[in-house]
$ cat protein18.cif   # mmCIF, C-alpha atoms
data_model
loop_
_atom_site.label_atom_id
_atom_site.label_comp_id
_atom_site.auth_asym_id
_atom_site.auth_seq_id
_atom_site.Cartn_x
_atom_site.Cartn_y
_atom_site.Cartn_z
CA MET A 1 0.00 0.00 0.00
CA TYR A 2 2.86 2.44 0.81
CA ASP A 3 4.38 1.89 -2.62
CA ASP A 4 1.02 2.61 -4.29
CA TRP A 5 0.61 5.75 -2.17
CA ARG A 6 4.03 7.00 -3.25
CA SER A 7 3.13 6.50 -6.91
CA ASP A 8 -0.25 8.23 -7.14
CA GLY A 9 -0.91 10.03 -3.85
CA VAL A 10 -4.52 8.80 -3.51
CA VAL A 11 -5.21 6.50 -0.57
CA PRO A 12 -8.27 5.39 1.36
CA GLN A 13 -8.68 7.39 4.55
CA MET A 14 -9.36 6.03 8.02
CA HIS A 15 -10.47 7.51 11.32
CA LEU A 16 -8.00 8.07 14.14
CA ASP A 17 -7.65 5.17 16.54
CA GLU A 18 -4.80 2.94 17.71
CA ASP A 19 -5.75 0.03 15.46
CA ASN A 20 -5.69 2.20 12.32
CA VAL A 21 -2.38 3.82 13.24
CA GLN A 22 -0.91 0.36 13.85
CA GLN A 23 -2.30 -0.81 10.49
CA CYS A 24 -0.60 2.15 8.78
CA LEU A 25 2.73 1.31 10.44
CA ASP A 26 2.40 -2.36 9.49
CA GLU A 27 1.70 -1.43 5.85
CA LEU A 28 4.69 0.92 5.78
CA ILE A 29 7.02 -1.69 7.29
CA GLU A 30 5.89 -4.42 4.87
CA SER A 31 6.04 -2.21 1.75
CA ASP A 32 8.92 -2.38 -0.73
CA TYR A 33 10.13 0.91 0.71
CA GLY A 34 9.83 -0.37 4.27
CA GLN A 35 11.92 -3.41 3.34
CA GLN A 36 14.84 -0.97 2.90
CA MET A 37 14.16 1.17 5.92
CA PHE A 38 13.35 -1.32 8.68
CA GLY A 39 15.08 -4.47 9.88
CA HIS A 40 12.14 -6.77 9.08
CA SER A 41 13.44 -8.15 5.78
CA ASP A 42 16.32 -10.58 5.38
CA LEU A 43 18.04 -8.22 2.93
CA ALA A 44 18.02 -5.26 5.33
CA ALA A 45 18.86 -7.32 8.42
CA GLY A 46 21.68 -8.99 6.50
CA VAL A 47 23.54 -5.68 6.15
CA GLY A 48 22.97 -4.50 9.73
CA ILE A 49 19.71 -2.57 9.36
CA THR A 50 17.85 -3.42 12.56
CA GLY A 51 15.59 -0.35 12.86
CA GLN A 52 12.12 -0.71 14.31
CA VAL A 53 9.20 1.69 14.67
CA GLU A 54 6.52 1.07 17.28
CA LEU A 55 3.33 2.82 18.28
CA VAL A 56 3.61 3.99 21.89
CA GLU A 57 0.31 5.84 22.31
CA LEU A 58 -2.20 8.29 20.94
CA HIS A 59 -2.43 11.55 22.81
CA GLY A 60 -5.46 13.25 21.29
CA PRO A 61 -4.55 14.02 17.66
CA GLU A 62 -0.84 13.31 18.35
CA VAL A 63 0.77 9.94 17.55
CA ILE A 64 3.74 8.97 19.70
CA LEU A 65 6.19 6.48 18.17
CA ARG A 66 9.34 4.76 19.39
CA LEU A 67 12.37 4.34 17.13
CA SER A 68 14.91 1.70 18.07
CA GLY A 69 17.75 -0.17 16.42
CA ALA A 70 20.05 0.91 13.59
CA PHE A 71 18.65 2.63 10.50
CA TRP A 72 20.55 3.29 7.27
CA HIS A 73 18.53 6.49 6.89
CA ARG A 74 18.75 9.39 9.32
CA ARG A 75 16.30 8.88 12.17
CA GLU A 76 14.56 12.19 11.41
CA THR A 77 13.93 10.90 7.88
CA VAL A 78 12.43 7.67 9.22
CA LEU A 79 10.08 9.62 11.50
CA GLY A 80 9.19 12.02 8.67
CA ARG A 81 8.32 9.22 6.25
CA ALA A 82 6.22 7.44 8.88
CA ALA A 83 4.44 10.73 9.66
CA MET A 84 3.69 11.41 5.98
CA TYR A 85 2.24 7.95 5.53
CA ILE A 86 0.11 8.14 8.68
CA ASN A 87 -1.12 11.65 7.78
CA ALA A 88 -2.06 10.55 4.26
CA HIS A 89 -4.32 7.82 5.68
CA ILE A 90 -5.51 9.54 8.85
CA PRO A 91 -5.90 13.30 8.26
CA GLU A 92 -7.08 13.81 11.86
CA VAL A 93 -3.48 13.32 13.02
CA LEU A 94 -1.93 16.71 13.74
CA GLU A 95 1.51 15.59 14.92
CA VAL A 96 3.70 12.50 14.86
CA ASN A 97 6.48 12.57 17.44
CA VAL A 98 8.83 10.21 19.22
CA GLU A 99 8.56 9.19 22.84
CA ASP A 100 11.98 10.62 23.69
CA PRO A 101 13.77 13.32 21.62
CA SER A 102 17.05 11.37 21.94
CA GLU A 103 15.52 8.76 19.61
CA LEU A 104 16.07 11.24 16.76
CA GLU A 105 19.80 11.55 17.40
CA ASP A 106 21.94 9.54 14.99
CA VAL A 107 24.86 9.51 17.44
CA GLU A 108 24.91 8.34 21.04
CA LEU A 109 27.41 10.10 23.27
CA ILE A 110 29.15 7.96 25.88
CA VAL A 111 29.97 10.35 28.73
CA ASP A 112 32.18 9.85 31.77
CA GLU A 113 29.83 10.07 34.76
CA ASP A 114 32.42 11.74 36.98
CA THR A 115 33.92 14.33 34.63
CA GLY A 116 31.17 14.77 32.04
CA GLU A 117 33.80 14.28 29.32
CA VAL A 118 32.65 12.65 26.10
CA LEU A 119 34.51 9.35 25.87
CA GLU A 120 33.04 8.05 22.65
CA GLU A 121 30.51 8.81 19.93
CA ARG A 122 28.61 5.71 18.78
CA SER A 123 26.65 5.85 15.58
CA LYS A 124 23.04 4.70 15.75
CA GLN A 125 23.06 4.21 11.99
CA SER A 126 23.57 0.82 10.42
CA PRO A 127 26.92 0.18 8.77
CA ASP A 128 27.51 1.82 5.40
CA PHE A 129 27.91 -1.69 4.00
CA ASN A 130 28.67 -0.66 0.40
CA GLY A 131 30.05 2.86 0.88
CA ASP A 132 27.09 4.49 -0.89
CA ARG A 133 26.05 6.72 2.03
CA ALA A 134 29.55 8.18 2.37
CA THR A 135 29.96 8.60 -1.39
CA MET A 136 26.62 10.35 -1.83
CA THR A 137 27.32 12.63 1.13
CA TYR A 138 30.75 13.47 -0.29
CA GLN A 139 29.16 14.28 -3.65
CA GLY A 140 26.61 16.57 -2.00
CA ALA A 141 23.66 14.22 -2.58
CA ASP A 142 21.21 13.32 0.18
CA PRO A 143 21.55 9.56 0.73
CA ASP A 144 18.10 9.41 2.34
CA MET A 145 16.51 10.28 -1.01
CA ARG A 146 17.67 6.98 -2.48
CA GLY A 147 18.25 4.54 0.34
CA PRO A 148 20.66 1.64 0.72
CA PHE A 149 19.45 -0.50 -2.17
CA PRO A 150 19.19 1.29 -5.54
CA GLN A 151 16.04 0.40 -7.46
CA GLY A 152 17.61 -0.50 -10.77
CA VAL A 153 20.89 -0.53 -12.52
CA GLY A 154 21.60 -0.69 -16.21
CA GLY A 155 19.57 0.18 -19.26
CA LEU A 156 17.42 3.26 -19.24
CA ARG A 157 16.42 3.02 -15.59
CA PRO A 158 17.05 6.11 -13.46
CA GLY A 159 20.65 5.97 -12.28
CA GLY A 160 21.38 3.14 -14.68
CA SER A 161 24.04 2.86 -17.32
CA MET A 162 23.75 1.87 -20.96
CA ILE A 163 26.85 -0.28 -20.43
CA ASN A 164 25.99 -3.59 -18.87
CA PRO A 165 29.14 -5.55 -17.94
CA VAL A 166 28.74 -9.29 -18.24
#
$ encode --input "protein18.cif" --output "structure tokens"
Amino acid sequence: MYDDWRSDGVVPQMHLDEDNVQQCLDELIESDYGQQMFGHSDLAAGVGITGQVELVELHGPEVILRLSGAFWHRRETVLGRAAMYINAHIPEVLEVNVEDPSELEDVELIVDEDTGEVLEERSKQSPDFNGDRATMTYQGADPDMRGPFPQGVGGLRPGGSMINPV
């Protein structure tokens, strides 16, 4: 359903309740796009993508989600895509937020409890298994626009090449 929504922008609408929000999240996770973003598919999990999104609660017209695990995309992008999908199906939703603002940080700081000195910065992103994220960033492109697994290569596909090595 998410892939259809991305292609034509017309989706059936639902009323706001926990079951419908959960249904939206399930559809997003199981979509072709969700297979790249969340750690539910063998392909994503196989390269270290373990990210999960969970419904925490509804607070009036606000949806509270929890992000956990390692995402290839920036965590703000993951929340934004989930929010767009939920809003497309449930227009009553005014805000989609995370339970704890630290869930949107892509780096976890390990701090010495006594001195307050930062000992280490740990990335919350999955490994850049093929170097694409670093290359796109270096080239000034936003890696979150494409994702970890390019749609097509070769031929006349976007990003493809007319040369197809055998």
$ closest_atom_pairs --input "protein18.cif" --of "stretch 37-129 of chain A" --to "stretch 13-33 of chain A" --cutoff "8 Å" --atoms "all atoms listed in the file" --output "CSV"
residue,atom,partner,partner_atom,distance
A:Met37,CA,A:Tyr33,CA,6.6
A:Phe38,CA,A:Ile29,CA,6.5
A:His40,CA,A:Ile29,CA,7.4
A:Val53,CA,A:Leu25,CA,7.7
A:Glu54,CA,A:Leu25,CA,7.8
A:Leu55,CA,A:Gln22,CA,6.6
A:Glu57,CA,A:Glu18,CA,7.5
A:Leu58,CA,A:Glu18,CA,6.8
A:Pro61,CA,A:Leu16,CA,7.7
A:Ala82,CA,A:Leu25,CA,7.2
A:Tyr85,CA,A:Cys24,CA,7.2
A:Ile86,CA,A:Cys24,CA,6.0
A:Ala88,CA,A:Gln13,CA,7.3
A:His89,CA,A:Gln13,CA,4.5
A:Ile90,CA,A:Met14,CA,5.3
A:Pro91,CA,A:Gln13,CA,7.5
A:Glu92,CA,A:Leu16,CA,6.2
A:Val93,CA,A:Leu16,CA,7.0
$ resolve_selection --input "protein18.cif" --expression "the PyMOL selection byres ((chain A and resi 120-128) around 7)" --output "list in words"
Gly48, Ile49, Ala70, Phe71, Trp72, Asp106, Val107, Glu108, Leu109, Ile110, Val118, Leu119, Phe129, Asn130, Gly131, Asp132 and Arg133 of chain A
$ residues_around --input "protein18.cif" --residues "A:Gln52" --least-positions-apart "3" --cutoff "7 Å" --atoms "all atoms listed in the file" --output "PyMOL selection string"
chain A and resi 38-39+67-69
$ closest_residue --input "protein18.cif" --among "A:Asp144, A:Gly46, A:Glu113, A:Met136" --to "A:Gly80" --atoms "all atoms listed in the file"
A:Asp144
$ resolve_selection --input "protein18.cif" --expression "the PyMOL selection byres ((chain A and resi 76) around 10)" --output "list in words"
Leu67, His73, Arg74, Arg75, Thr77, Val78, Leu79, Gly80, Arg81, Ala82, Val98, Glu103, Leu104, Glu105 and Asp106 of chain A
$ decode --input "protein18.cif" --residues "stretch 28-147 of chain A" --atoms "C-alpha atoms" --output "PDB file, in the first residue's frame"
ATOM      1  CA  LEU A  28       4.685   0.919   5.780  1.00  0.00           C
ATOM      2  CA  ILE A  29       7.016  -1.692   7.286  1.00  0.00           C
ATOM      3  CA  GLU A  30       5.894  -4.422   4.866  1.00  0.00           C
ATOM      4  CA  SER A  31       6.042  -2.211   1.750  1.00  0.00           C
ATOM      5  CA  ASP A  32       8.917  -2.383  -0.726  1.00  0.00           C
ATOM      6  CA  TYR A  33      10.125   0.906   0.707  1.00  0.00           C
ATOM      7  CA  GLY A  34       9.834  -0.374   4.267  1.00  0.00           C
ATOM      8  CA  GLN A  35      11.921  -3.406   3.336  1.00  0.00           C
ATOM      9  CA  GLN A  36      14.843  -0.970   2.895  1.00  0.00           C
ATOM     10  CA  MET A  37      14.162   1.174   5.925  1.00  0.00           C
ATOM     11  CA  PHE A  38      13.348  -1.320   8.679  1.00  0.00           C
ATOM     12  CA  GLY A  39      15.079  -4.471   9.877  1.00  0.00           C
ATOM     13  CA  HIS A  40      12.145  -6.766   9.083  1.00  0.00           C
ATOM     14  CA  SER A  41      13.441  -8.146   5.777  1.00  0.00           C
ATOM     15  CA  ASP A  42      16.318 -10.579   5.381  1.00  0.00           C
ATOM     16  CA  LEU A  43      18.045  -8.219   2.929  1.00  0.00           C
ATOM     17  CA  ALA A  44      18.022  -5.259   5.332  1.00  0.00           C
ATOM     18  CA  ALA A  45      18.862  -7.315   8.419  1.00  0.00           C
ATOM     19  CA  GLY A  46      21.684  -8.990   6.499  1.00  0.00           C
ATOM     20  CA  VAL A  47      23.539  -5.678   6.149  1.00  0.00           C
ATOM     21  CA  GLY A  48      22.966  -4.503   9.726  1.00  0.00           C
ATOM     22  CA  ILE A  49      19.712  -2.565   9.362  1.00  0.00           C
ATOM     23  CA  THR A  50      17.846  -3.418  12.564  1.00  0.00           C
ATOM     24  CA  GLY A  51      15.591  -0.352  12.861  1.00  0.00           C
ATOM     25  CA  GLN A  52      12.121  -0.714  14.308  1.00  0.00           C
ATOM     26  CA  VAL A  53       9.198   1.691  14.670  1.00  0.00           C
ATOM     27  CA  GLU A  54       6.516   1.071  17.281  1.00  0.00           C
ATOM     28  CA  LEU A  55       3.327   2.819  18.284  1.00  0.00           C
ATOM     29  CA  VAL A  56       3.605   3.992  21.887  1.00  0.00           C
ATOM     30  CA  GLU A  57       0.307   5.839  22.307  1.00  0.00           C
ATOM     31  CA  LEU A  58      -2.202   8.289  20.942  1.00  0.00           C
ATOM     32  CA  HIS A  59      -2.427  11.547  22.812  1.00  0.00           C
ATOM     33  CA  GLY A  60      -5.460  13.248  21.292  1.00  0.00           C
ATOM     34  CA  PRO A  61      -4.551  14.022  17.655  1.00  0.00           C
ATOM     35  CA  GLU A  62      -0.843  13.312  18.347  1.00  0.00           C
ATOM     36  CA  VAL A  63       0.770   9.944  17.550  1.00  0.00           C
ATOM     37  CA  ILE A  64       3.740   8.975  19.697  1.00  0.00           C
ATOM     38  CA  LEU A  65       6.186   6.484  18.166  1.00  0.00           C
ATOM     39  CA  ARG A  66       9.336   4.756  19.395  1.00  0.00           C
ATOM     40  CA  LEU A  67      12.372   4.342  17.130  1.00  0.00           C
ATOM     41  CA  SER A  68      14.909   1.699  18.067  1.00  0.00           C
ATOM     42  CA  GLY A  69      17.745  -0.167  16.415  1.00  0.00           C
ATOM     43  CA  ALA A  70      20.049   0.914  13.591  1.00  0.00           C
ATOM     44  CA  PHE A  71      18.652   2.625  10.504  1.00  0.00           C
ATOM     45  CA  TRP A  72      20.553   3.285   7.270  1.00  0.00           C
ATOM     46  CA  HIS A  73      18.535   6.490   6.891  1.00  0.00           C
ATOM     47  CA  ARG A  74      18.747   9.386   9.320  1.00  0.00           C
ATOM     48  CA  ARG A  75      16.300   8.878  12.167  1.00  0.00           C
ATOM     49  CA  GLU A  76      14.563  12.191  11.405  1.00  0.00           C
ATOM     50  CA  THR A  77      13.930  10.899   7.877  1.00  0.00           C
ATOM     51  CA  VAL A  78      12.428   7.668   9.222  1.00  0.00           C
ATOM     52  CA  LEU A  79      10.077   9.621  11.499  1.00  0.00           C
ATOM     53  CA  GLY A  80       9.191  12.015   8.672  1.00  0.00           C
ATOM     54  CA  ARG A  81       8.322   9.215   6.250  1.00  0.00           C
ATOM     55  CA  ALA A  82       6.218   7.440   8.875  1.00  0.00           C
ATOM     56  CA  ALA A  83       4.445  10.728   9.658  1.00  0.00           C
ATOM     57  CA  MET A  84       3.687  11.413   5.980  1.00  0.00           C
ATOM     58  CA  TYR A  85       2.237   7.948   5.535  1.00  0.00           C
ATOM     59  CA  ILE A  86       0.111   8.137   8.685  1.00  0.00           C
ATOM     60  CA  ASN A  87      -1.119  11.649   7.785  1.00  0.00           C
ATOM     61  CA  ALA A  88      -2.057  10.553   4.263  1.00  0.00           C
ATOM     62  CA  HIS A  89      -4.317   7.825   5.684  1.00  0.00           C
ATOM     63  CA  ILE A  90      -5.511   9.543   8.854  1.00  0.00           C
ATOM     64  CA  PRO A  91      -5.903  13.303   8.259  1.00  0.00           C
ATOM     65  CA  GLU A  92      -7.079  13.814  11.860  1.00  0.00           C
ATOM     66  CA  VAL A  93      -3.477  13.318  13.024  1.00  0.00           C
ATOM     67  CA  LEU A  94      -1.925  16.710  13.741  1.00  0.00           C
ATOM     68  CA  GLU A  95       1.506  15.587  14.924  1.00  0.00           C
ATOM     69  CA  VAL A  96       3.695  12.496  14.860  1.00  0.00           C
ATOM     70  CA  ASN A  97       6.477  12.565  17.443  1.00  0.00           C
ATOM     71  CA  VAL A  98       8.832  10.212  19.218  1.00  0.00           C
ATOM     72  CA  GLU A  99       8.561   9.189  22.838  1.00  0.00           C
ATOM     73  CA  ASP A 100      11.983  10.619  23.693  1.00  0.00           C
ATOM     74  CA  PRO A 101      13.773  13.316  21.625  1.00  0.00           C
ATOM     75  CA  SER A 102      17.050  11.374  21.942  1.00  0.00           C
ATOM     76  CA  GLU A 103      15.519   8.761  19.611  1.00  0.00           C
ATOM     77  CA  LEU A 104      16.072  11.245  16.757  1.00  0.00           C
ATOM     78  CA  GLU A 105      19.803  11.552  17.398  1.00  0.00           C
ATOM     79  CA  ASP A 106      21.943   9.544  14.991  1.00  0.00           C
ATOM     80  CA  VAL A 107      24.864   9.509  17.437  1.00  0.00           C
ATOM     81  CA  GLU A 108      24.913   8.339  21.040  1.00  0.00           C
ATOM     82  CA  LEU A 109      27.412  10.105  23.270  1.00  0.00           C
ATOM     83  CA  ILE A 110      29.155   7.955  25.882  1.00  0.00           C
ATOM     84  CA  VAL A 111      29.969  10.348  28.728  1.00  0.00           C
ATOM     85  CA  ASP A 112      32.185   9.847  31.767  1.00  0.00           C
ATOM     86  CA  GLU A 113      29.827  10.068  34.758  1.00  0.00           C
ATOM     87  CA  ASP A 114      32.415  11.744  36.981  1.00  0.00           C
ATOM     88  CA  THR A 115      33.917  14.335  34.626  1.00  0.00           C
ATOM     89  CA  GLY A 116      31.169  14.765  32.037  1.00  0.00           C
ATOM     90  CA  GLU A 117      33.803  14.282  29.315  1.00  0.00           C
ATOM     91  CA  VAL A 118      32.651  12.653  26.096  1.00  0.00           C
ATOM     92  CA  LEU A 119      34.508   9.353  25.873  1.00  0.00           C
ATOM     93  CA  GLU A 120      33.036   8.050  22.647  1.00  0.00           C
ATOM     94  CA  GLU A 121      30.509   8.807  19.934  1.00  0.00           C
ATOM     95  CA  ARG A 122      28.608   5.713  18.785  1.00  0.00           C
ATOM     96  CA  SER A 123      26.654   5.854  15.585  1.00  0.00           C
ATOM     97  CA  LYS A 124      23.041   4.704  15.753  1.00  0.00           C
ATOM     98  CA  GLN A 125      23.059   4.207  11.987  1.00  0.00           C
ATOM     99  CA  SER A 126      23.572   0.817  10.419  1.00  0.00           C
ATOM    100  CA  PRO A 127      26.923   0.178   8.767  1.00  0.00           C
ATOM    101  CA  ASP A 128      27.513   1.822   5.395  1.00  0.00           C
ATOM    102  CA  PHE A 129      27.913  -1.686   3.999  1.00  0.00           C
ATOM    103  CA  ASN A 130      28.672  -0.663   0.402  1.00  0.00           C
ATOM    104  CA  GLY A 131      30.049   2.860   0.882  1.00  0.00           C
ATOM    105  CA  ASP A 132      27.092   4.492  -0.890  1.00  0.00           C
ATOM    106  CA  ARG A 133      26.052   6.718   2.028  1.00  0.00           C
ATOM    107  CA  ALA A 134      29.552   8.180   2.372  1.00  0.00           C
ATOM    108  CA  THR A 135      29.956   8.596  -1.387  1.00  0.00           C
ATOM    109  CA  MET A 136      26.618  10.353  -1.826  1.00  0.00           C
ATOM    110  CA  THR A 137      27.324  12.632   1.128  1.00  0.00           C
ATOM    111  CA  TYR A 138      30.755  13.466  -0.288  1.00  0.00           C
ATOM    112  CA  GLN A 139      29.158  14.280  -3.647  1.00  0.00           C
ATOM    113  CA  GLY A 140      26.612  16.572  -1.998  1.00  0.00           C
ATOM    114  CA  ALA A 141      23.660  14.224  -2.578  1.00  0.00           C
ATOM    115  CA  ASP A 142      21.212  13.323   0.177  1.00  0.00           C
ATOM    116  CA  PRO A 143      21.553   9.557   0.727  1.00  0.00           C
ATOM    117  CA  ASP A 144      18.102   9.414   2.335  1.00  0.00           C
ATOM    118  CA  MET A 145      16.514  10.283  -1.007  1.00  0.00           C
ATOM    119  CA  ARG A 146      17.674   6.976  -2.477  1.00  0.00           C
ATOM    120  CA  GLY A 147      18.250   4.540   0.337  1.00  0.00           C
TER     121      GLY A 147
END
